[in-house]
>>> print(open('my_file_6.txt').read())   # compact mmCIF, C-alpha atoms
# COMPACT_ATOMS: atom_id res chain seq x y z
CA MET A 4 79.68 174.52 111.56
CA ASN A 5 77.55 177.38 112.88
CA ILE A 6 75.56 177.63 116.08
CA ALA A 7 72.21 176.44 114.70
CA PRO A 8 72.67 172.82 115.89
CA TYR A 9 73.42 174.05 119.41
CA LEU A 10 70.29 176.19 119.40
CA LEU A 11 68.20 173.30 118.10
CA LEU A 12 69.54 171.01 120.82
CA ALA A 13 68.61 173.68 123.38
CA GLY A 14 65.09 173.86 121.95
CA PHE A 15 64.65 170.10 122.11
CA LEU A 16 65.85 169.95 125.70
CA PHE A 17 63.60 172.86 126.65
CA SER A 18 60.48 171.25 125.24
CA LEU A 19 61.34 167.89 126.82
CA GLY A 20 61.78 169.68 130.14
CA LEU A 21 58.41 171.36 129.62
CA ILE A 22 56.73 167.99 129.07
CA GLY A 23 58.45 166.64 132.18
CA ALA A 24 57.48 169.61 134.34
CA LEU A 25 53.83 169.37 133.29
CA THR A 26 53.32 165.61 133.35
CA ARG A 27 55.52 164.21 136.13
CA ARG A 28 53.81 163.39 139.39
CA SER A 29 56.54 163.76 141.98
CA ALA A 30 57.63 167.24 143.01
CA ILE A 31 61.28 166.18 142.88
CA LEU A 32 61.09 165.27 139.20
CA VAL A 33 59.14 168.41 138.38
CA PHE A 34 61.96 170.34 140.00
CA LEU A 35 64.59 168.46 137.98
CA SER A 36 62.66 169.11 134.76
CA VAL A 37 62.66 172.82 135.54
CA GLU A 38 66.43 172.58 136.00
CA LEU A 39 66.61 170.98 132.55
CA MET A 40 64.75 173.95 131.07
CA LEU A 41 67.13 176.36 132.83
CA ASN A 42 70.07 174.49 131.38
CA SER A 43 68.83 174.70 127.83
CA GLY A 44 68.75 178.45 128.39
CA ASN A 45 72.38 178.22 129.49
CA LEU A 46 73.23 176.43 126.28
CA VAL A 47 71.73 179.23 124.18
CA PHE A 48 73.68 181.84 126.17
CA LEU A 49 76.94 179.97 125.62
CA ALA A 50 76.29 179.38 121.93
CA PHE A 51 75.82 183.08 121.33
CA ALA A 52 78.77 183.95 123.56
CA ARG A 53 80.90 181.68 121.39
CA ALA A 54 79.53 183.11 118.16
CA LEU A 55 80.04 186.72 119.22
CA GLN A 56 83.37 185.99 121.01
CA ASP A 57 81.98 187.72 124.09
CA THR A 58 82.56 186.50 127.64
CA GLY A 59 79.42 188.29 128.88
CA GLY A 60 77.26 185.29 128.00
CA ALA A 61 79.50 183.04 130.07
CA VAL A 62 79.14 185.42 133.03
CA MET A 63 75.35 185.19 132.67
CA VAL A 64 75.62 181.42 132.74
CA LEU A 65 77.71 181.66 135.90
CA PHE A 66 74.94 183.73 137.52
CA ILE A 67 72.28 181.28 136.40
CA LEU A 68 74.28 178.37 137.83
CA ALA A 69 74.62 180.11 141.19
CA LEU A 70 70.91 180.95 141.22
CA SER A 71 69.95 177.39 140.44
CA ALA A 72 72.14 176.20 143.29
CA ALA A 73 70.21 178.52 145.63
CA GLU A 74 67.00 177.29 144.06
CA ALA A 75 68.00 173.69 144.68
CA ALA A 76 68.61 174.39 148.37
CA VAL A 77 65.31 176.21 148.87
CA GLY A 78 63.43 173.71 146.71
CA THR A 79 64.69 170.80 148.75
CA ALA A 80 63.64 172.55 151.95
CA ILE A 81 60.19 173.29 150.52
CA ILE A 82 59.70 169.68 149.43
CA VAL A 83 60.80 168.42 152.86
CA ALA A 84 58.34 170.78 154.57
CA PHE A 85 55.63 169.73 152.12
CA ILE A 86 56.21 166.03 152.76
CA ARG A 87 55.98 166.68 156.51
CA LYS A 88 52.71 168.51 156.10
CA ARG A 89 50.96 166.27 153.57
CA GLY A 90 52.81 162.98 153.86
CA THR A 91 53.56 162.79 150.14
CA ALA A 92 55.59 164.60 147.51
CA GLU A 93 52.96 164.18 144.83
CA ILE A 94 52.35 167.49 143.19
CA ASP A 95 48.58 166.84 143.15
CA ALA A 96 48.53 167.06 146.93
CA ALA A 97 49.39 170.75 146.63
CA ASN A 98 45.81 171.73 145.92
CA LEU A 99 45.17 174.34 148.56
CA MET A 100 45.13 177.22 146.08
CA ARG A 101 43.65 175.21 143.26
CA TRP A 102 41.22 177.00 141.06
CA MET B 2 84.30 167.46 111.32
CA ALA B 3 85.57 165.88 114.51
CA PHE B 4 83.79 168.66 116.37
CA PHE B 5 80.54 167.84 114.65
CA ILE B 6 80.81 164.13 115.45
CA ALA B 7 81.50 164.92 119.10
CA PHE B 8 78.57 167.31 119.14
CA VAL B 9 76.22 164.71 117.67
CA PHE B 10 77.41 162.19 120.24
CA PHE B 11 76.77 164.56 123.16
CA ALA B 12 73.45 165.73 121.72
CA VAL B 13 72.15 162.19 121.30
CA ALA B 14 73.32 161.32 124.82
CA ALA B 15 71.56 164.38 126.25
CA PHE B 16 68.38 163.59 124.33
CA VAL B 17 68.22 159.94 125.36
CA SER B 18 68.93 160.63 129.02
CA SER B 19 66.36 163.41 129.14
CA LEU B 20 63.85 160.88 127.81
CA PHE B 21 64.83 158.82 130.87
CA LEU B 22 64.13 161.81 133.09
CA ILE B 23 60.69 162.32 131.60
CA PHE B 24 59.36 158.83 131.08
CA HIS B 25 60.99 156.49 133.58
CA PRO B 26 58.37 155.53 136.18
CA LYS B 27 60.81 155.39 139.12
CA THR B 28 62.36 158.43 140.71
CA ILE B 29 65.98 157.37 141.15
CA PRO B 30 66.58 156.20 137.53
CA ALA B 31 64.91 159.39 136.35
CA SER B 32 67.37 161.43 138.46
CA LEU B 33 70.20 159.41 136.94
CA GLY B 34 68.85 160.43 133.54
CA MET B 35 69.28 164.00 134.74
CA VAL B 36 72.93 163.21 135.55
CA GLY B 37 73.37 161.97 131.98
CA VAL B 38 71.88 165.17 130.58
CA MET B 39 74.16 167.32 132.70
CA VAL B 40 77.33 165.42 131.84
CA SER B 41 76.62 165.50 128.12
CA LEU B 42 75.66 169.18 128.30
CA SER B 43 78.98 169.86 129.97
CA GLY B 44 80.60 168.12 127.01
CA VAL B 45 78.74 170.50 124.71
CA PHE B 46 79.95 173.45 126.81
CA ALA B 47 83.52 172.23 126.41
CA LEU B 48 83.00 172.00 122.65
CA LEU B 49 81.87 175.63 122.75
CA HIS B 50 85.26 176.53 124.24
CA PHE B 51 84.09 177.09 127.82
CA PRO B 52 86.07 174.51 129.81
CA PHE B 53 85.58 176.18 133.19
CA LEU B 54 81.81 176.26 132.87
CA SER B 55 81.67 172.63 131.79
CA PHE B 56 83.69 171.72 134.88
CA ILE B 57 81.34 173.73 137.11
CA GLN B 58 78.35 172.15 135.39
CA VAL B 59 79.48 168.67 136.37
CA ILE B 60 80.27 169.65 139.95
CA LEU B 61 77.13 171.67 140.52
CA TYR B 62 74.47 169.67 138.71
CA ALA B 63 75.73 166.12 138.47
CA GLY B 64 77.10 166.60 141.98
CA ALA B 65 75.12 168.92 144.19
CA VAL B 66 71.64 169.20 142.73
CA ILE B 67 71.25 165.51 141.95
CA VAL B 68 72.62 164.55 145.36
CA MET B 69 69.92 166.74 146.92
CA ALA B 70 67.20 165.10 144.84
CA VAL B 71 68.45 161.61 145.61
CA TYR B 72 68.77 162.54 149.29
CA LEU B 73 65.13 163.61 149.26
CA VAL B 74 63.98 160.35 147.73
CA MET B 75 66.07 158.22 150.07
CA SER B 76 65.36 160.06 153.31
CA GLN B 77 61.65 160.51 152.75
CA GLY B 78 61.14 157.15 151.13
CA PHE B 79 58.89 158.62 148.53
CA GLU B 80 58.13 156.86 145.27
CA GLU B 81 55.81 157.94 142.51
CA ARG B 82 52.76 155.73 142.67
CA GLY B 83 52.43 154.85 139.01
CA LYS B 84 49.46 157.15 138.55
CA GLU B 85 49.60 158.73 135.14
CA ALA B 86 48.79 162.33 134.41
CA ALA B 87 45.22 162.92 133.35
CA ILE B 88 44.76 162.59 129.59
CA SER B 89 43.72 166.21 129.12
CA GLN B 90 46.72 167.39 131.15
CA ALA B 91 49.16 165.24 129.19
CA PHE B 92 47.64 166.29 125.88
CA PHE B 93 47.88 169.95 126.86
CA SER B 94 51.54 169.70 127.81
CA TYR B 95 52.50 167.75 124.68
CA ALA B 96 50.67 170.19 122.47
CA LEU B 97 52.29 173.14 124.21
CA SER B 98 55.81 171.81 123.79
CA VAL B 99 55.27 170.67 120.20
CA ILE B 100 53.96 174.13 119.29
CA PHE B 101 56.91 175.74 121.02
CA LEU B 102 59.42 173.43 119.33
CA PHE B 103 57.82 173.97 115.92
CA LEU B 104 57.92 177.77 116.13
CA TYR B 105 61.39 177.83 117.67
CA SER B 106 62.99 175.51 115.12
CA LYS B 107 61.26 177.37 112.31
CA VAL B 108 62.90 180.60 113.49
CA ILE B 109 66.29 178.92 113.88
CA LEU B 110 66.20 177.18 110.50
CA ARG B 111 65.08 180.28 108.66
CA SER B 112 67.77 182.56 110.03
CA SER B 113 71.30 182.31 108.70
CA PHE B 114 74.20 182.16 111.13
CA ALA B 115 77.76 182.85 110.13
CA PRO B 116 80.07 179.85 110.47
CA LEU B 117 81.95 179.89 113.77
CA GLU B 118 85.31 181.58 113.65
CA LYS B 119 88.24 180.18 115.56
CA ALA B 120 87.73 181.03 119.23
CA GLU B 121 90.02 183.62 120.76
CA GLU B 122 92.40 182.12 123.25
CA SER B 123 91.03 184.24 126.10
CA LEU B 124 87.37 183.40 125.43
CA GLY B 125 85.88 181.56 128.37
CA SER B 126 89.15 181.25 130.24
CA LEU B 127 89.01 181.58 133.99
CA GLY B 128 91.01 184.82 134.07
CA GLU B 129 88.85 186.46 131.44
CA LEU B 130 85.72 185.34 133.25
CA GLY B 131 86.97 186.79 136.54
CA MET B 132 87.97 190.06 134.93
CA GLU B 133 84.55 190.38 133.30
CA LEU B 134 82.86 189.57 136.60
CA ILE B 135 84.77 192.23 138.51
CA ALA B 136 84.94 194.87 135.80
CA ASN B 137 81.45 194.81 134.26
CA TYR B 138 79.18 192.74 136.48
CA LEU B 139 80.21 193.76 139.98
CA VAL B 140 76.76 194.81 141.27
CA PRO B 141 74.96 191.64 140.09
CA PHE B 142 77.79 189.66 141.64
CA GLU B 143 77.26 191.31 145.03
CA ILE B 144 73.48 190.92 144.78
CA LEU B 145 74.06 187.25 144.02
CA SER B 146 75.99 186.79 147.24
CA VAL B 147 73.08 188.32 149.18
CA ILE B 148 70.69 185.96 147.37
CA LEU B 149 72.83 182.96 148.31
CA VAL B 150 72.83 183.96 151.98
CA ALA B 151 69.06 184.47 151.86
CA ALA B 152 68.60 181.06 150.25
CA MET B 153 70.75 179.43 152.91
CA VAL B 154 68.81 181.01 155.77
CA GLY B 155 65.52 180.25 154.03
CA ALA B 156 66.41 176.60 153.56
CA VAL B 157 67.36 176.21 157.22
CA VAL B 158 64.19 177.94 158.43
CA LEU B 159 61.91 176.02 156.07
CA SER B 160 63.24 172.60 156.90
CA LYS B 161 63.34 173.14 160.67
CA ARG B 162 60.70 171.27 162.57
CA SER B 163 58.24 173.76 164.02
CA ALA B 164 57.96 173.63 167.82
CA GLU B 165 54.32 172.58 168.11
>>> encode(input="my_file_6.txt", output="structure tokens")
Amino acid sequence: MNIAPYLLLAGFLFSLGLIGALTRRSAILVFLSVELMLNSGNLVFLAFARALQDTGGAVMVLFILALSAAEAAVGTAIIVAFIRKRGTAEIDAANLMRW
Amino acid sequence: MAFFIAFVFFAVAAFVSSLFLIFHPKTIPASLGMVGVMVSLSGVFALLHFPFLSFIQVILYAGAVIVMAVYLVMSQGFEERGKEAAISQAFFSYALSVIFLFLYSKVILRSSFAPLEKAEESLGSLGELGMELIANYLVPFEILSVILVAAMVGAVVLSKRSAE
């Protein structure tokens, strides 16, 4: 078995996350879909780290995990502030800078 | 062979639960779909010989991130109001991801990867990871700690009620 199935799984998850991020209505689920896309990136990193027997890829994944934890904290705070301001978490309500 | 069966199991689980995340009309079941994706992805990480990262994946995603999302839904009482995305929007996003998936899988299927060798014992172990972190990635590590502090302060400031 080589790493192609892992990479294909990552691609599928990434495109599903893309669909979710672009079509979901609630900001929370858009945020979770973005996390799904991040995680498929993690999977690619780990697949290549395993293939090349190099721990560097795993260190990258560790960084990405820490960053997404920070992102989760700030994202939650932003959504809370947004709900206070607009009374809803629907992403359509964020139209102040709409083109 | 056993590896491949386990991989197929985890992959199908991840796929199905990400369909939950994308298509379920209610927010909480969709977040539970996200939990399913994360748990099965951590299984895939373990198959790739990274037990520590799969452990962290479960704690961080299935634990922390999902708890935050569910907390948001429960405290703010928000529920998606069944309104679908506009047709043009949905069509655009589907087209974009199908094009991406087509090109990506074409690249993957055309290139030839060597079969995986047996993993070295030290690969992905906690000690090796720590050594790599301190020896080769010290500056990013320190920057990361600054980023975490900034995120913490930012979250507190953002979610504080302004004094108007």
>>> atom_distance(input="my_file_6.txt", atom1="atom CA of Leu16 of chain A", atom2="atom CA of Phe4 of chain B")
20.3 Å
>>> closest_residue(input="my_file_6.txt", among="B:Leu42, B:Leu48, B:Val66, B:Leu149", to="Phe66 of chain A", atoms="all atoms listed in the file")
B:Leu149
>>> closest_residue(input="my_file_6.txt", among="A:Trp102, A:Ala30, A:Ile22, A:Ala96", to="chain B", atoms="all atoms listed in the file")
A:Ile22
>>> atom_distance(input="my_file_6.txt", atom1="atom CA of Ala92 of chain A", atom2="atom CA of Leu32 of chain A")
10.0 Å
>>> residues_around(input="my_file_6.txt", residues="segment 70-81 of chain A", least_positions_apart="6", cutoff="7 Å", atoms="all atoms listed in the file", output="PyMOL selection string")
chain B and resi 66+69+149+152+155-156+159-160
>>> closest_residue(input="my_file_6.txt", among="B:Phe103, B:His50, B:Arg162, B:Tyr62", to="Gln56 of chain A", atoms="only C-alpha atoms")
B:His50
>>> atom_distance(input="my_file_6.txt", atom1="atom CA of Gly131 of chain B", atom2="atom CA of Leu117 of chain B")
24.3 Å
>>> residues_around(input="my_file_6.txt", residues="Met40 of chain A", least_positions_apart="5", cutoff="9 Å", atoms="all atoms listed in the file", output="list in words")
Ala13, Leu16, Phe17, Ser18, Leu19, Gly20, Leu21, Leu35 and Asn45 of chain A
>>> write_last_selection(input="my_file_6.txt", atoms="C-alpha atoms", output="PDB file, in the coordinates of the input")
ATOM      1  CA  ALA A  13      68.610 173.680 123.380  1.00  0.00           C
ATOM      2  CA  LEU A  16      65.850 169.950 125.700  1.00  0.00           C
ATOM      3  CA  PHE A  17      63.600 172.860 126.650  1.00  0.00           C
ATOM      4  CA  SER A  18      60.480 171.250 125.240  1.00  0.00           C
ATOM      5  CA  LEU A  19      61.340 167.890 126.820  1.00  0.00           C
ATOM      6  CA  GLY A  20      61.780 169.680 130.140  1.00  0.00           C
ATOM      7  CA  LEU A  21      58.410 171.360 129.620  1.00  0.00           C
ATOM      8  CA  LEU A  35      64.590 168.460 137.980  1.00  0.00           C
ATOM      9  CA  ASN A  45      72.380 178.220 129.490  1.00  0.00           C
TER      10      ASN A  45
END
>>> closest_residue(input="my_file_6.txt", among="B:Val9, B:Leu33, B:Ala91, B:Ile60", to="chain A", atoms="only C-alpha atoms")
B:Ala91
>>> closest_residue(input="my_file_6.txt", among="A:Leu46, A:Leu39, A:Ala61, A:Leu25", to="Ser43 of chain B", atoms="all atoms listed in the file")
A:Leu46
>>> closest_residue(input="my_file_6.txt", among="B:Leu49, B:Leu145, B:Ile57, B:Leu97", to="Gly60 of chain A", atoms="only C-alpha atoms")
B:Leu49
>>> residues_around(input="my_file_6.txt", residues="Met75 of chain B", least_positions_apart="5", cutoff="12 Å", atoms="all atoms listed in the file", output="MDAnalysis selection string")
(chainID A and resid 31 83) or (chainID B and resid 28:29 68:70 80)
>>> write_last_selection(input="my_file_6.txt", atoms="C-alpha atoms", output="PDB file, in the frame of the given file")
ATOM      1  CA  ILE A  31      61.280 166.180 142.880  1.00  0.00           C
ATOM      2  CA  VAL A  83      60.800 168.420 152.860  1.00  0.00           C
TER       3      VAL A  83
ATOM      4  CA  THR B  28      62.360 158.430 140.710  1.00  0.00           C
ATOM      5  CA  ILE B  29      65.980 157.370 141.150  1.00  0.00           C
ATOM      6  CA  VAL B  68      72.620 164.550 145.360  1.00  0.00           C
ATOM      7  CA  MET B  69      69.920 166.740 146.920  1.00  0.00           C
ATOM      8  CA  ALA B  70      67.200 165.100 144.840  1.00  0.00           C
ATOM      9  CA  GLU B  80      58.130 156.860 145.270  1.00  0.00           C
TER      10      GLU B  80
END
>>> residues_around(input="my_file_6.txt", residues="Gly44 of chain B", least_positions_apart="4", cutoff="8 Å", atoms="only C-alpha atoms", output="VMD selection string")
chain B and resid 11 40 48 55
>>> axis_aligned_box(input="my_file_6.txt", around="segment 92-97 of chain A", padding_each_side="6 Å", output="AutoDock Vina command-line options")
--center_x 52.1 --center_y 167.5 --center_z 145.3 --size_x 19.1 --size_y 18.6 --size_z 16.4
>>> residues_around(input="my_file_6.txt", residues="Phe51 of chain B", least_positions_apart="6", cutoff="12 Å", atoms="all atoms listed in the file", output="PDB file with C-alpha atoms, keeping the file's coordinate frame")
ATOM      1  CA  ASN A  45      72.380 178.220 129.490  1.00  0.00           C
ATOM      2  CA  LEU A  46      73.230 176.430 126.280  1.00  0.00           C
ATOM      3  CA  PHE A  48      73.680 181.840 126.170  1.00  0.00           C
ATOM      4  CA  LEU A  49      76.940 179.970 125.620  1.00  0.00           C
ATOM      5  CA  ALA A  50      76.290 179.380 121.930  1.00  0.00           C
ATOM      6  CA  ALA A  52      78.770 183.950 123.560  1.00  0.00           C
ATOM      7  CA  ARG A  53      80.900 181.680 121.390  1.00  0.00           C
ATOM      8  CA  GLN A  56      83.370 185.990 121.010  1.00  0.00           C
ATOM      9  CA  ASP A  57      81.980 187.720 124.090  1.00  0.00           C
ATOM     10  CA  THR A  58      82.560 186.500 127.640  1.00  0.00           C
ATOM     11  CA  GLY A  60      77.260 185.290 128.000  1.00  0.00           C
ATOM     12  CA  ALA A  61      79.500 183.040 130.070  1.00  0.00           C
ATOM     13  CA  VAL A  62      79.140 185.420 133.030  1.00  0.00           C
ATOM     14  CA  VAL A  64      75.620 181.420 132.740  1.00  0.00           C
ATOM     15  CA  LEU A  65      77.710 181.660 135.900  1.00  0.00           C
TER      16      LEU A  65
ATOM     17  CA  LEU B  42      75.660 169.180 128.300  1.00  0.00           C
ATOM     18  CA  SER B  43      78.980 169.860 129.970  1.00  0.00           C
ATOM     19  CA  GLY B  44      80.600 168.120 127.010  1.00  0.00           C
ATOM     20  CA  VAL B  45      78.740 170.500 124.710  1.00  0.00           C
ATOM     21  CA  ILE B  57      81.340 173.730 137.110  1.00  0.00           C
ATOM     22  CA  GLN B  58      78.350 172.150 135.390  1.00  0.00           C
ATOM     23  CA  ALA B 120      87.730 181.030 119.230  1.00  0.00           C
ATOM     24  CA  GLU B 121      90.020 183.620 120.760  1.00  0.00           C
ATOM     25  CA  GLU B 122      92.400 182.120 123.250  1.00  0.00           C
ATOM     26  CA  SER B 123      91.030 184.240 126.100  1.00  0.00           C
ATOM     27  CA  LEU B 124      87.370 183.400 125.430  1.00  0.00           C
ATOM     28  CA  GLY B 125      85.880 181.560 128.370  1.00  0.00           C
ATOM     29  CA  SER B 126      89.150 181.250 130.240  1.00  0.00           C
ATOM     30  CA  LEU B 127      89.010 181.580 133.990  1.00  0.00           C
ATOM     31  CA  GLU B 129      88.850 186.460 131.440  1.00  0.00           C
ATOM     32  CA  LEU B 130      85.720 185.340 133.250  1.00  0.00           C
TER      33      LEU B 130
END
